[in-house]
>>> print(open('protein35.cif').read())   # mmCIF, C-alpha atoms (C1' of nucleotides)
data_coords
#
loop_
_atom_site.group_PDB
_atom_site.id
_atom_site.type_symbol
_atom_site.label_atom_id
_atom_site.label_comp_id
_atom_site.auth_asym_id
_atom_site.auth_seq_id
_atom_site.Cartn_x
_atom_site.Cartn_y
_atom_site.Cartn_z
ATOM 1 C CA MET A 1 -0.265 9.423 32.299
ATOM 2 C CA MET A 2 2.238 7.641 30.125
ATOM 3 C CA ASN A 3 6.002 7.620 30.322
ATOM 4 C CA TYR A 4 7.114 7.548 26.700
ATOM 5 C CA THR A 5 10.783 7.598 27.565
ATOM 6 C CA THR A 6 10.566 4.402 29.566
ATOM 7 C CA LEU A 7 8.448 2.845 26.870
ATOM 8 C CA LEU A 8 11.051 3.564 24.203
ATOM 9 C CA LYS A 9 13.802 2.118 26.352
ATOM 10 C CA GLU A 10 11.822 -1.042 26.902
ATOM 11 C CA TYR A 11 11.815 -1.558 23.177
ATOM 12 C CA ASP A 12 15.549 -0.893 22.814
ATOM 13 C CA LEU A 13 15.095 2.400 21.091
ATOM 14 C CA LYS A 14 17.293 5.345 21.979
ATOM 15 C CA VAL A 15 15.328 8.219 23.383
ATOM 16 C CA THR A 16 15.232 11.332 21.239
ATOM 17 C CA PRO A 17 12.724 14.183 21.401
ATOM 18 C CA GLN A 18 11.462 13.259 17.928
ATOM 19 C CA ARG A 19 10.793 9.681 18.974
ATOM 20 C CA VAL A 20 9.081 10.717 22.150
ATOM 21 C CA ALA A 21 6.849 12.994 20.109
ATOM 22 C CA ILE A 22 5.962 10.219 17.676
ATOM 23 C CA VAL A 23 4.970 7.879 20.468
ATOM 24 C CA GLU A 24 3.072 10.627 22.214
ATOM 25 C CA GLU A 25 1.083 11.439 19.091
ATOM 26 C CA LEU A 26 0.256 7.826 18.431
ATOM 27 C CA TYR A 27 -0.686 7.280 22.029
ATOM 28 C CA THR A 28 -2.965 10.293 21.944
ATOM 29 C CA ASN A 29 -4.491 9.807 18.521
ATOM 30 C CA GLY A 30 -4.557 6.045 18.276
ATOM 31 C CA HIS A 31 -3.916 5.800 14.531
ATOM 32 C CA MET A 32 -2.051 8.104 12.205
ATOM 33 C CA ASN A 33 -0.677 7.926 8.720
ATOM 34 C CA ILE A 34 2.791 9.195 7.834
ATOM 35 C CA ASP A 35 1.536 12.559 6.707
ATOM 36 C CA ASP A 36 -0.545 13.176 9.816
ATOM 37 C CA LEU A 37 2.492 12.400 11.918
ATOM 38 C CA TYR A 38 4.729 14.647 9.869
ATOM 39 C CA LYS A 39 2.358 17.590 10.102
ATOM 40 C CA LYS A 40 1.917 17.157 13.847
ATOM 41 C CA LEU A 41 5.638 16.893 14.493
ATOM 42 C CA LEU A 42 6.401 19.881 12.294
ATOM 43 C CA ALA A 43 4.636 22.012 14.878
ATOM 44 C CA LYS A 44 7.068 20.875 17.560
ATOM 45 C CA PHE A 45 10.156 20.518 15.352
ATOM 46 C CA PRO A 46 10.001 23.040 12.531
ATOM 47 C CA SER A 47 12.985 21.490 10.778
ATOM 48 C CA ILE A 48 12.079 17.842 11.196
ATOM 49 C CA SER A 49 12.395 15.841 8.013
ATOM 50 C CA LEU A 50 10.058 13.274 6.545
ATOM 51 C CA ALA A 51 13.058 10.957 6.411
ATOM 52 C CA THR A 52 13.220 11.080 10.198
ATOM 53 C CA ILE A 53 9.585 10.072 10.440
ATOM 54 C CA TYR A 54 10.110 7.164 8.075
ATOM 55 C CA LYS A 55 13.297 5.996 9.746
ATOM 56 C CA ASN A 56 11.710 6.055 13.161
ATOM 57 C CA VAL A 57 8.449 4.454 12.162
ATOM 58 C CA ASN A 58 10.399 1.690 10.461
ATOM 59 C CA ALA A 59 12.676 1.253 13.439
ATOM 60 C CA MET A 60 9.675 0.972 15.739
ATOM 61 C CA ILE A 61 7.983 -1.534 13.466
ATOM 62 C CA GLU A 62 11.211 -3.521 13.469
ATOM 63 C CA LYS A 63 11.118 -3.638 17.268
ATOM 64 C CA VAL A 64 7.458 -4.680 17.157
ATOM 65 C CA PHE A 65 6.544 -1.554 19.027
ATOM 66 C CA LEU A 66 4.470 -0.158 16.170
ATOM 67 C CA ASN A 67 2.138 -1.872 13.786
ATOM 68 C CA GLU A 68 1.048 -0.952 10.276
ATOM 69 C CA VAL A 69 -2.648 -1.230 9.491
ATOM 70 C CA LYS A 70 -3.519 -1.494 5.815
ATOM 71 C CA ILE A 71 -6.889 -0.002 5.044
ATOM 72 C CA PRO A 72 -8.924 -0.468 1.861
ATOM 73 C CA ASN A 73 -9.103 2.762 -0.161
ATOM 74 C CA ALA A 74 -6.926 4.718 2.240
ATOM 75 C CA LYS A 75 -3.368 5.217 3.362
ATOM 76 C CA SER A 76 -1.861 2.859 5.895
ATOM 77 C CA VAL A 77 -1.979 4.000 9.469
ATOM 78 C CA TYR A 78 0.334 3.139 12.342
ATOM 79 C CA GLU A 79 -0.535 2.291 15.916
ATOM 80 C CA LEU A 80 1.229 1.201 19.076
ATOM 81 C CA VAL A 81 1.200 -2.573 19.381
ATOM 82 C CA LYS A 82 -1.381 -3.846 21.854
ATOM 83 C CA ASP A 83 -3.818 -6.695 22.274
ATOM 84 C CA GLU A 84 -5.388 -8.039 19.117
ATOM 85 C CA HIS A 85 -8.295 -5.985 17.925
ATOM 86 C CA SER A 86 -10.201 -5.087 14.801
ATOM 87 C CA HIS A 87 -10.725 -1.717 13.137
ATOM 88 C CA LEU A 88 -13.746 0.286 12.122
ATOM 89 C CA VAL A 89 -13.131 2.867 9.416
ATOM 90 C CA CYS A 90 -15.613 5.573 8.514
ATOM 91 C CA SER A 91 -15.674 5.852 4.740
ATOM 92 C CA SER A 92 -17.024 9.363 4.994
ATOM 93 C CA CYS A 93 -14.815 11.152 7.526
ATOM 94 C CA GLY A 94 -11.919 8.703 7.671
ATOM 95 C CA LYS A 95 -12.141 8.203 11.407
ATOM 96 C CA ILE A 96 -10.690 4.932 12.683
ATOM 97 C CA GLU A 97 -11.762 3.134 15.843
ATOM 98 C CA ASP A 98 -10.527 0.024 17.557
ATOM 99 C CA ILE A 99 -12.934 -2.682 18.524
ATOM 100 C CA GLU A 100 -12.313 -5.813 20.493
ATOM 101 C CA LEU A 101 -14.179 -8.757 19.104
ATOM 102 C CA ASP A 102 -14.093 -12.419 19.869
ATOM 103 C CA VAL A 103 -12.738 -13.896 16.678
ATOM 104 C CA SER A 104 -11.720 -17.258 18.075
ATOM 105 C CA SER A 105 -14.567 -19.206 16.508
ATOM 106 C CA LEU A 106 -13.924 -17.572 13.177
ATOM 107 C CA VAL A 107 -10.249 -18.439 13.363
ATOM 108 C CA LYS A 108 -11.054 -21.984 14.355
ATOM 109 C CA GLN A 109 -13.516 -22.286 11.478
ATOM 110 C CA ALA A 110 -10.946 -21.003 8.993
ATOM 111 C CA SER A 111 -8.030 -23.051 10.236
ATOM 112 C CA THR A 112 -10.079 -26.228 10.388
ATOM 113 C CA SER A 113 -11.699 -25.973 7.007
ATOM 114 C CA LYS A 114 -8.541 -25.054 5.112
ATOM 115 C CA ASN A 115 -5.979 -26.759 7.316
ATOM 116 C CA TYR A 116 -3.993 -23.639 8.020
ATOM 117 C CA THR A 117 -1.987 -22.769 11.106
ATOM 118 C CA ILE A 118 -3.308 -19.262 11.609
ATOM 119 C CA ASN A 119 -1.310 -16.861 13.687
ATOM 120 C CA GLN A 120 -2.593 -13.466 12.695
ATOM 121 C CA THR A 121 -5.960 -12.006 11.875
ATOM 122 C CA SER A 122 -6.581 -8.666 10.247
ATOM 123 C CA ILE A 123 -10.144 -7.374 10.261
ATOM 124 C CA VAL A 124 -11.217 -3.984 8.967
ATOM 125 C CA PHE A 125 -14.844 -2.926 8.775
ATOM 126 C CA ALA A 126 -15.774 0.010 6.567
ATOM 127 C CA GLY A 127 -18.940 1.997 6.998
ATOM 128 C CA LEU A 128 -20.327 5.177 8.450
ATOM 129 C CA CYS A 129 -19.524 6.350 11.945
ATOM 130 C CA PRO A 130 -22.372 7.498 14.215
ATOM 131 C CA ALA A 131 -21.849 11.159 13.285
ATOM 132 C CA CYS A 132 -21.738 10.521 9.531
ATOM 133 C CA SER A 133 -24.679 8.101 9.649
ATOM 134 C CA LYS A 134 -27.116 10.908 10.404
ATOM 135 C CA MET B 1 -15.593 -22.746 -19.511
ATOM 136 C CA MET B 2 -15.702 -18.995 -19.193
ATOM 137 C CA ASN B 3 -16.373 -16.438 -21.872
ATOM 138 C CA TYR B 4 -14.108 -13.533 -21.008
ATOM 139 C CA THR B 5 -15.246 -11.445 -23.946
ATOM 140 C CA THR B 6 -18.853 -11.484 -22.839
ATOM 141 C CA LEU B 7 -17.791 -10.799 -19.282
ATOM 142 C CA LEU B 8 -15.858 -7.698 -20.312
ATOM 143 C CA LYS B 9 -18.798 -6.415 -22.341
ATOM 144 C CA GLU B 10 -21.126 -6.888 -19.391
ATOM 145 C CA TYR B 11 -18.920 -4.518 -17.445
ATOM 146 C CA ASP B 12 -18.812 -1.929 -20.223
ATOM 147 C CA LEU B 13 -15.211 -2.572 -21.047
ATOM 148 C CA LYS B 14 -14.078 -2.708 -24.655
ATOM 149 C CA VAL B 15 -12.651 -6.050 -25.591
ATOM 150 C CA THR B 16 -8.947 -6.120 -26.362
ATOM 151 C CA PRO B 17 -6.631 -9.124 -26.350
ATOM 152 C CA GLN B 18 -4.738 -7.639 -23.416
ATOM 153 C CA ARG B 19 -7.891 -7.300 -21.341
ATOM 154 C CA VAL B 20 -9.063 -10.772 -22.197
ATOM 155 C CA ALA B 21 -5.693 -12.080 -21.057
ATOM 156 C CA ILE B 22 -5.861 -10.180 -17.770
ATOM 157 C CA VAL B 23 -9.287 -11.570 -16.982
ATOM 158 C CA GLU B 24 -8.219 -15.024 -18.030
ATOM 159 C CA GLU B 25 -5.196 -14.954 -15.758
ATOM 160 C CA LEU B 26 -7.189 -13.709 -12.809
ATOM 161 C CA TYR B 27 -9.893 -16.249 -13.449
ATOM 162 C CA THR B 28 -7.323 -19.027 -13.569
ATOM 163 C CA ASN B 29 -5.109 -17.933 -10.716
ATOM 164 C CA GLY B 30 -7.606 -16.321 -8.392
ATOM 165 C CA HIS B 31 -5.308 -13.608 -7.041
ATOM 166 C CA MET B 32 -2.375 -11.850 -8.627
ATOM 167 C CA ASN B 33 -0.325 -8.781 -7.922
ATOM 168 C CA ILE B 34 0.633 -6.320 -10.646
ATOM 169 C CA ASP B 35 3.989 -7.909 -11.216
ATOM 170 C CA ASP B 36 2.640 -11.431 -11.523
ATOM 171 C CA LEU B 37 0.175 -10.181 -14.092
ATOM 172 C CA TYR B 38 2.826 -8.315 -16.012
ATOM 173 C CA LYS B 39 5.137 -11.300 -16.191
ATOM 174 C CA LYS B 40 2.342 -13.607 -17.301
ATOM 175 C CA LEU B 41 1.132 -11.229 -19.983
ATOM 176 C CA LEU B 42 4.640 -10.616 -21.261
ATOM 177 C CA ALA B 43 4.648 -14.216 -22.426
ATOM 178 C CA LYS B 44 1.632 -13.584 -24.643
ATOM 179 C CA PHE B 45 2.417 -9.966 -25.561
ATOM 180 C CA PRO B 46 6.174 -9.453 -25.648
ATOM 181 C CA SER B 47 5.798 -5.699 -26.025
ATOM 182 C CA ILE B 48 3.049 -5.130 -23.483
ATOM 183 C CA SER B 49 3.748 -2.269 -21.137
ATOM 184 C CA LEU B 50 3.279 -2.056 -17.395
ATOM 185 C CA ALA B 51 1.238 1.072 -18.072
ATOM 186 C CA THR B 52 -1.269 -1.049 -19.931
ATOM 187 C CA ILE B 53 -1.604 -3.375 -16.959
ATOM 188 C CA TYR B 54 -2.129 -0.469 -14.586
ATOM 189 C CA LYS B 55 -4.607 1.285 -16.848
ATOM 190 C CA ASN B 56 -6.651 -1.841 -17.308
ATOM 191 C CA VAL B 57 -6.599 -2.932 -13.704
ATOM 192 C CA ASN B 58 -7.708 0.539 -12.688
ATOM 193 C CA ALA B 59 -10.422 0.618 -15.337
ATOM 194 C CA MET B 60 -11.700 -2.735 -14.123
ATOM 195 C CA ILE B 61 -11.687 -1.616 -10.511
ATOM 196 C CA GLU B 62 -13.605 1.489 -11.590
ATOM 197 C CA LYS B 63 -16.274 -0.734 -13.133
ATOM 198 C CA VAL B 64 -16.372 -2.861 -9.984
ATOM 199 C CA PHE B 65 -15.267 -5.854 -11.974
ATOM 200 C CA LEU B 66 -12.000 -6.221 -10.097
ATOM 201 C CA ASN B 67 -11.209 -5.814 -6.452
ATOM 202 C CA GLU B 68 -7.979 -4.903 -4.684
ATOM 203 C CA VAL B 69 -7.053 -6.961 -1.637
ATOM 204 C CA LYS B 70 -4.590 -5.321 0.720
ATOM 205 C CA ILE B 71 -2.465 -7.846 2.527
ATOM 206 C CA PRO B 72 -0.281 -7.252 5.592
ATOM 207 C CA ASN B 73 3.429 -7.519 4.741
ATOM 208 C CA ALA B 74 2.817 -8.173 1.073
ATOM 209 C CA LYS B 75 1.841 -6.518 -2.167
ATOM 210 C CA SER B 76 -1.810 -5.956 -2.952
ATOM 211 C CA VAL B 77 -3.431 -8.584 -5.117
ATOM 212 C CA TYR B 78 -6.369 -8.260 -7.465
ATOM 213 C CA GLU B 79 -9.283 -10.611 -7.959
ATOM 214 C CA LEU B 80 -12.507 -10.756 -9.932
ATOM 215 C CA VAL B 81 -15.385 -9.435 -7.867
ATOM 216 C CA LYS B 82 -17.587 -12.163 -6.432
ATOM 217 C CA ASP B 83 -19.526 -12.975 -3.282
ATOM 218 C CA GLU B 84 -18.048 -11.705 -0.041
ATOM 219 C CA HIS B 85 -15.302 -13.889 1.316
ATOM 220 C CA SER B 86 -12.216 -13.785 3.469
ATOM 221 C CA HIS B 87 -8.617 -14.573 2.611
ATOM 222 C CA LEU B 88 -6.017 -16.916 3.990
ATOM 223 C CA VAL B 89 -2.425 -15.982 3.256
ATOM 224 C CA CYS B 90 0.503 -18.311 3.794
ATOM 225 C CA SER B 91 3.292 -16.280 5.320
ATOM 226 C CA SER B 92 5.820 -18.821 4.117
ATOM 227 C CA CYS B 93 4.996 -19.446 0.456
ATOM 228 C CA GLY B 94 2.719 -16.496 -0.197
ATOM 229 C CA LYS B 95 -0.179 -18.601 -1.389
ATOM 230 C CA ILE B 96 -3.599 -16.982 -1.059
ATOM 231 C CA GLU B 97 -6.880 -18.832 -0.656
ATOM 232 C CA ASP B 98 -10.457 -17.692 -0.461
ATOM 233 C CA ILE B 99 -12.669 -18.857 2.337
ATOM 234 C CA GLU B 100 -16.335 -18.272 2.863
ATOM 235 C CA LEU B 101 -17.162 -17.586 6.467
ATOM 236 C CA ASP B 102 -20.291 -16.459 8.182
ATOM 237 C CA VAL B 103 -19.331 -13.059 9.482
ATOM 238 C CA SER B 104 -22.833 -11.762 10.124
ATOM 239 C CA SER B 105 -22.671 -12.081 13.899
ATOM 240 C CA LEU B 106 -19.303 -10.359 13.956
ATOM 241 C CA VAL B 107 -20.617 -7.508 11.844
ATOM 242 C CA LYS B 108 -23.683 -7.207 14.007
ATOM 243 C CA GLN B 109 -21.518 -7.152 17.114
ATOM 244 C CA ALA B 110 -19.300 -4.431 15.698
ATOM 245 C CA SER B 111 -22.067 -2.243 14.326
ATOM 246 C CA THR B 112 -24.091 -2.489 17.518
ATOM 247 C CA SER B 113 -21.326 -1.784 19.970
ATOM 248 C CA LYS B 114 -19.861 1.174 18.086
ATOM 249 C CA ASN B 115 -23.004 2.407 16.356
ATOM 250 C CA TYR B 116 -21.579 2.132 12.869
ATOM 251 C CA THR B 117 -23.420 1.398 9.641
ATOM 252 C CA ILE B 118 -21.086 -1.241 8.282
ATOM 253 C CA ASN B 119 -21.123 -2.011 4.596
ATOM 254 C CA GLN B 120 -17.841 -3.733 3.954
ATOM 255 C CA THR B 121 -15.732 -6.246 5.787
ATOM 256 C CA SER B 122 -12.151 -7.126 5.006
ATOM 257 C CA ILE B 123 -10.710 -10.174 6.724
ATOM 258 C CA VAL B 124 -7.263 -11.566 6.088
ATOM 259 C CA PHE B 125 -5.809 -14.462 8.058
ATOM 260 C CA ALA B 126 -2.074 -15.021 7.975
ATOM 261 C CA GLY B 127 -0.454 -18.319 8.827
ATOM 262 C CA LEU B 128 0.999 -21.432 7.321
ATOM 263 C CA CYS B 129 -0.714 -23.367 4.554
ATOM 264 C CA PRO B 130 -1.002 -27.159 4.882
ATOM 265 C CA ALA B 131 2.124 -27.760 2.822
ATOM 266 C CA CYS B 132 4.239 -25.237 4.729
ATOM 267 C CA SER B 133 2.905 -26.408 8.106
ATOM 268 C CA LYS B 134 4.764 -29.695 7.819
ATOM 269 C "C1'" DC C 1 34.263 9.483 23.470
ATOM 270 C "C1'" DT C 2 31.669 6.508 20.552
ATOM 271 C "C1'" DC C 3 27.787 5.275 18.306
ATOM 272 C "C1'" DT C 4 23.276 6.455 16.782
ATOM 273 C "C1'" DG C 5 19.910 9.737 15.131
ATOM 274 C "C1'" DT C 6 18.814 13.893 12.539
ATOM 275 C "C1'" DG C 7 18.118 16.695 8.481
ATOM 276 C "C1'" DC C 8 19.163 17.505 3.903
ATOM 277 C "C1'" DA C 9 19.581 16.282 -0.800
ATOM 278 C "C1'" DA C 10 19.713 12.760 -4.048
ATOM 279 C "C1'" DA C 11 18.364 8.337 -5.526
ATOM 280 C "C1'" DG C 12 14.939 4.621 -6.034
ATOM 281 C "C1'" DC C 13 10.765 2.492 -7.109
ATOM 282 C "C1'" DG C 14 6.029 1.831 -8.122
ATOM 283 C "C1'" DT C 15 2.338 4.206 -10.408
ATOM 284 C "C1'" DT C 16 0.330 7.674 -13.444
ATOM 285 C "C1'" DT C 17 0.160 10.733 -17.391
ATOM 286 C "C1'" DG C 18 0.651 12.616 -22.285
ATOM 287 C "C1'" DC C 19 1.100 11.533 -26.692
ATOM 288 C "C1'" DA C 20 1.276 9.371 -31.399
ATOM 289 C "C1'" DA C 21 0.123 5.239 -33.591
ATOM 290 C "C1'" DA C 22 -2.836 1.121 -33.698
ATOM 291 C "C1'" DC C 23 -7.082 -0.924 -32.936
ATOM 292 C "C1'" DG C 24 -12.093 -1.995 -31.753
ATOM 293 C "C1'" DA C 25 -16.868 -1.239 -32.786
ATOM 294 C "C1'" DT D 1 -14.779 6.611 -39.370
ATOM 295 C "C1'" DC D 2 -14.496 7.943 -34.492
ATOM 296 C "C1'" DG D 3 -13.382 7.141 -30.009
ATOM 297 C "C1'" DT D 4 -10.679 4.150 -27.137
ATOM 298 C "C1'" DT D 5 -6.579 1.531 -26.080
ATOM 299 C "C1'" DT D 6 -1.760 0.552 -26.509
ATOM 300 C "C1'" DG D 7 3.143 1.239 -25.748
ATOM 301 C "C1'" DC D 8 6.666 4.358 -24.900
ATOM 302 C "C1'" DA D 9 8.842 7.911 -22.333
ATOM 303 C "C1'" DA D 10 8.503 11.314 -19.097
ATOM 304 C "C1'" DA D 11 6.591 12.849 -14.866
ATOM 305 C "C1'" DC D 12 5.022 12.026 -10.275
ATOM 306 C "C1'" DG D 13 4.733 10.891 -5.407
ATOM 307 C "C1'" DC D 14 6.088 8.244 -1.736
ATOM 308 C "C1'" DT D 15 9.914 5.989 0.511
ATOM 309 C "C1'" DT D 16 14.737 5.026 1.171
ATOM 310 C "C1'" DT D 17 19.634 6.039 1.186
ATOM 311 C "C1'" DG D 18 24.207 8.504 1.913
ATOM 312 C "C1'" DC D 19 26.387 11.788 4.177
ATOM 313 C "C1'" DA D 20 27.956 15.465 7.478
ATOM 314 C "C1'" DC D 21 26.739 17.256 11.765
ATOM 315 C "C1'" DA D 22 24.451 17.017 16.232
ATOM 316 C "C1'" DG D 23 22.995 14.569 20.120
ATOM 317 C "C1'" DA D 24 22.383 10.403 23.327
ATOM 318 C "C1'" DG D 25 24.509 7.304 26.477
#
>>> encode(input="protein35.cif", output="structure tokens")
Amino acid sequence: MMNYTTLLKEYDLKVTPQRVAIVEELYTNGHMNIDDLYKKLLAKFPSISLATIYKNVNAMIEKVFLNEVKIPNAKSVYELVKDEHSHLVCSSCGKIEDIELDVSSLVKQASTSKNYTINQTSIVFAGLCPACSK
Amino acid sequence: MMNYTTLLKEYDLKVTPQRVAIVEELYTNGHMNIDDLYKKLLAKFPSISLATIYKNVNAMIEKVFLNEVKIPNAKSVYELVKDEHSHLVCSSCGKIEDIELDVSSLVKQASTSKNYTINQTSIVFAGLCPACSK
DNA sequence: CTCTGTGCAAAGCGTTTGCAAACGA
DNA sequence: TCGTTTGCAAACGCTTTGCACAGAG
């Protein structure tokens, strides 16, 4: 069980029911795009505005509490910030999964060969999920 | 030396001066966003329209001649399609470099552990380029 | 009580579309 | 010549902004 109120406070964000709901949805669903979020929150707050979603998502990104994931051929999704991980996207049903991979040797390879100081790695695999593979 | 006219024909795209210029710019610069392209082409075609850039870029993507690269915290860039490779982005100067890495073990790891049929991998490293590292 | 967040409507911005004229094959 | 592309202007969709009111601390 997760305490979303405490979590918001830890990131210096005032607690409002709308914010709690956003965090709750993201915690439950893992990744959502703006529209998914809006539709979900509409059920709880019939008069919520898209502007509220945008303002809050942006505020949470600002506080490094949320993270935008850009996905080839799809809308960006947002997720709660956590340990570095990669993403698997099903090109058939759109499902997105996290996967933890050891990318250290890859990063080392890249930074060495091109002389870069790498501090972020974004990896997205596209393919078919188990269900859609059949 | 590259023959852009022949290249366009190979991809079933009618040859126009604007298209030749787009391919030429991308061939020369590697990666460009829409605005970069527009500004460059304006020099050669003072009355070119942004709509022309968009229509052509989209037509070329359709023919799998061009490829969109989505980059965290930056505009998408476009590149000529070629062998699979990853990208290094300098978060200070914005420079983008290609890098060829062996990602087969990573792909195998991901597909095995999550039971996905992976057919595309997008890897973007962010950091500081050699010049900006100093 | 004060400051921030919410919801609404309007504005903004990047991208797409429709159309007449120009152009490529 | 015929079908496609170009450039322009208008339309579109997503995101942001300004403002009055409501709510959090």
>>> resolve_selection(input="protein35.cif", expression="the PyMOL selection byres ((chain C and resi 19) around 10)", output="compact mmCIF listing (two decimals) with C-alpha atoms (C1' of nucleotides), keeping the file's coordinate frame")
# COMPACT_ATOMS: atom_id res chain seq x y z
C1' DT C 17 0.16 10.73 -17.39
C1' DG C 18 0.65 12.62 -22.28
C1' DA C 20 1.28 9.37 -31.40
C1' DA C 21 0.12 5.24 -33.59
C1' DC D 8 6.67 4.36 -24.90
C1' DA D 9 8.84 7.91 -22.33
>>> resolve_selection(input="protein35.cif", expression="the PyMOL selection byres ((chain B) within 12 of (chain C))", output="compact mmCIF listing (two decimals) with C-alpha atoms, in the coordinates of the input")
# COMPACT_ATOMS: atom_id res chain seq x y z
CA LYS B 9 -18.80 -6.42 -22.34
CA LEU B 13 -15.21 -2.57 -21.05
CA LYS B 14 -14.08 -2.71 -24.66
CA VAL B 15 -12.65 -6.05 -25.59
CA THR B 16 -8.95 -6.12 -26.36
CA PRO B 17 -6.63 -9.12 -26.35
CA GLN B 18 -4.74 -7.64 -23.42
CA ILE B 34 0.63 -6.32 -10.65
CA ASP B 35 3.99 -7.91 -11.22
CA LEU B 50 3.28 -2.06 -17.40
CA ALA B 51 1.24 1.07 -18.07
CA THR B 52 -1.27 -1.05 -19.93
CA ILE B 53 -1.60 -3.38 -16.96
CA TYR B 54 -2.13 -0.47 -14.59
CA LYS B 55 -4.61 1.28 -16.85
CA VAL B 57 -6.60 -2.93 -13.70
CA ASN B 58 -7.71 0.54 -12.69
CA LYS B 75 1.84 -6.52 -2.17
>>> resolve_selection(input="protein35.cif", expression="the PyMOL selection byres ((chain B and resi 32) around 12)", output="VMD selection string")
chain B and resid 22 to 31 33 to 41 53 57 66 to 71 74 to 80 94 to 97
>>> interface_residues(input="protein35.cif", of="chain B", to="chain A", cutoff="7 Å", atoms="only C-alpha atoms", output="PyMOL selection string")
chain B and resi 70+72+115-130+133
>>> write_last_selection(input="protein35.cif", atoms="C-alpha atoms", output="tab-separated table (two decimals), in the coordinates of the input")
chain	number	residue	atom	x	y	z
B	70	LYS	CA	-4.59	-5.32	0.72
B	72	PRO	CA	-0.28	-7.25	5.59
B	115	ASN	CA	-23.00	2.41	16.36
B	116	TYR	CA	-21.58	2.13	12.87
B	117	THR	CA	-23.42	1.40	9.64
B	118	ILE	CA	-21.09	-1.24	8.28
B	119	ASN	CA	-21.12	-2.01	4.60
B	120	GLN	CA	-17.84	-3.73	3.95
B	121	THR	CA	-15.73	-6.25	5.79
B	122	SER	CA	-12.15	-7.13	5.01
B	123	ILE	CA	-10.71	-10.17	6.72
B	124	VAL	CA	-7.26	-11.57	6.09
B	125	PHE	CA	-5.81	-14.46	8.06
B	126	ALA	CA	-2.07	-15.02	7.98
B	127	GLY	CA	-0.45	-18.32	8.83
B	128	LEU	CA	1.00	-21.43	7.32
B	129	CYS	CA	-0.71	-23.37	4.55
B	130	PRO	CA	-1.00	-27.16	4.88
B	133	SER	CA	2.90	-26.41	8.11
>>> interface_residues(input="protein35.cif", of="chain D", to="chain A", cutoff="9 Å", atoms="only C-alpha atoms (C1' of nucleotides)", output="ChimeraX atom specification")
/D:15-16,23-25
>>> axis_aligned_box(input="protein35.cif", around="stretch 14-22 of chain D", padding_each_side="3 Å", output="lines of an AutoDock Vina configuration file")
center_x = 17.0
center_y = 11.1
center_z = 7.2
size_x = 27.9
size_y = 18.2
size_z = 24.0
>>> atom_distance(input="protein35.cif", atom1="atom CA of B:Leu8", atom2="atom CA of B:Val20")
7.7 Å
>>> atom_distance(input="protein35.cif", atom1="atom CA of B:Phe65", atom2="atom C1' of D:DC2")
26.4 Å
>>> atom_distance(input="protein35.cif", atom1="atom CA of B:Asn3", atom2="atom CA of B:Asn56")
18.1 Å
>>> decode(input="protein35.cif", residues="stretch 29-37 of chain A", atoms="N, CA, C and O atoms", output="short mmCIF file (atom, residue, chain, number, x, y, z; two decimals), in the first residue's frame")
data_model
loop_
_atom_site.label_atom_id
_atom_site.label_comp_id
_atom_site.auth_asym_id
_atom_site.auth_seq_id
_atom_site.Cartn_x
_atom_site.Cartn_y
_atom_site.Cartn_z
N ASN A 29 -0.94 2.03 -12.90
CA ASN A 29 -0.83 1.63 -14.30
C ASN A 29 0.58 1.66 -14.87
O ASN A 29 0.81 1.19 -15.99
N GLY A 30 1.49 2.24 -14.13
CA GLY A 30 2.87 2.25 -14.60
C GLY A 30 3.16 3.36 -15.59
O GLY A 30 3.99 4.22 -15.32
N HIS A 31 2.51 3.34 -16.74
CA HIS A 31 2.75 4.36 -17.76
C HIS A 31 1.43 4.82 -18.34
O HIS A 31 0.61 4.01 -18.72
N MET A 32 1.26 6.11 -18.48
CA MET A 32 0.04 6.62 -19.10
C MET A 32 0.37 7.86 -19.92
O MET A 32 1.25 8.63 -19.55
N ASN A 33 -0.36 8.03 -21.00
CA ASN A 33 -0.23 9.28 -21.73
C ASN A 33 -1.26 10.28 -21.19
O ASN A 33 -2.09 9.93 -20.35
N ILE A 34 -1.16 11.51 -21.64
CA ILE A 34 -2.02 12.58 -21.11
C ILE A 34 -3.49 12.22 -21.23
O ILE A 34 -4.28 12.42 -20.31
N ASP A 35 -3.85 11.68 -22.38
CA ASP A 35 -5.25 11.37 -22.61
C ASP A 35 -5.79 10.26 -21.71
O ASP A 35 -6.91 10.34 -21.21
N ASP A 36 -4.98 9.23 -21.53
CA ASP A 36 -5.35 8.15 -20.61
C ASP A 36 -5.63 8.74 -19.23
O ASP A 36 -6.63 8.42 -18.60
N LEU A 37 -4.71 9.56 -18.78
CA LEU A 37 -4.84 10.18 -17.46
C LEU A 37 -6.11 10.99 -17.37
O LEU A 37 -6.88 10.87 -16.41
#
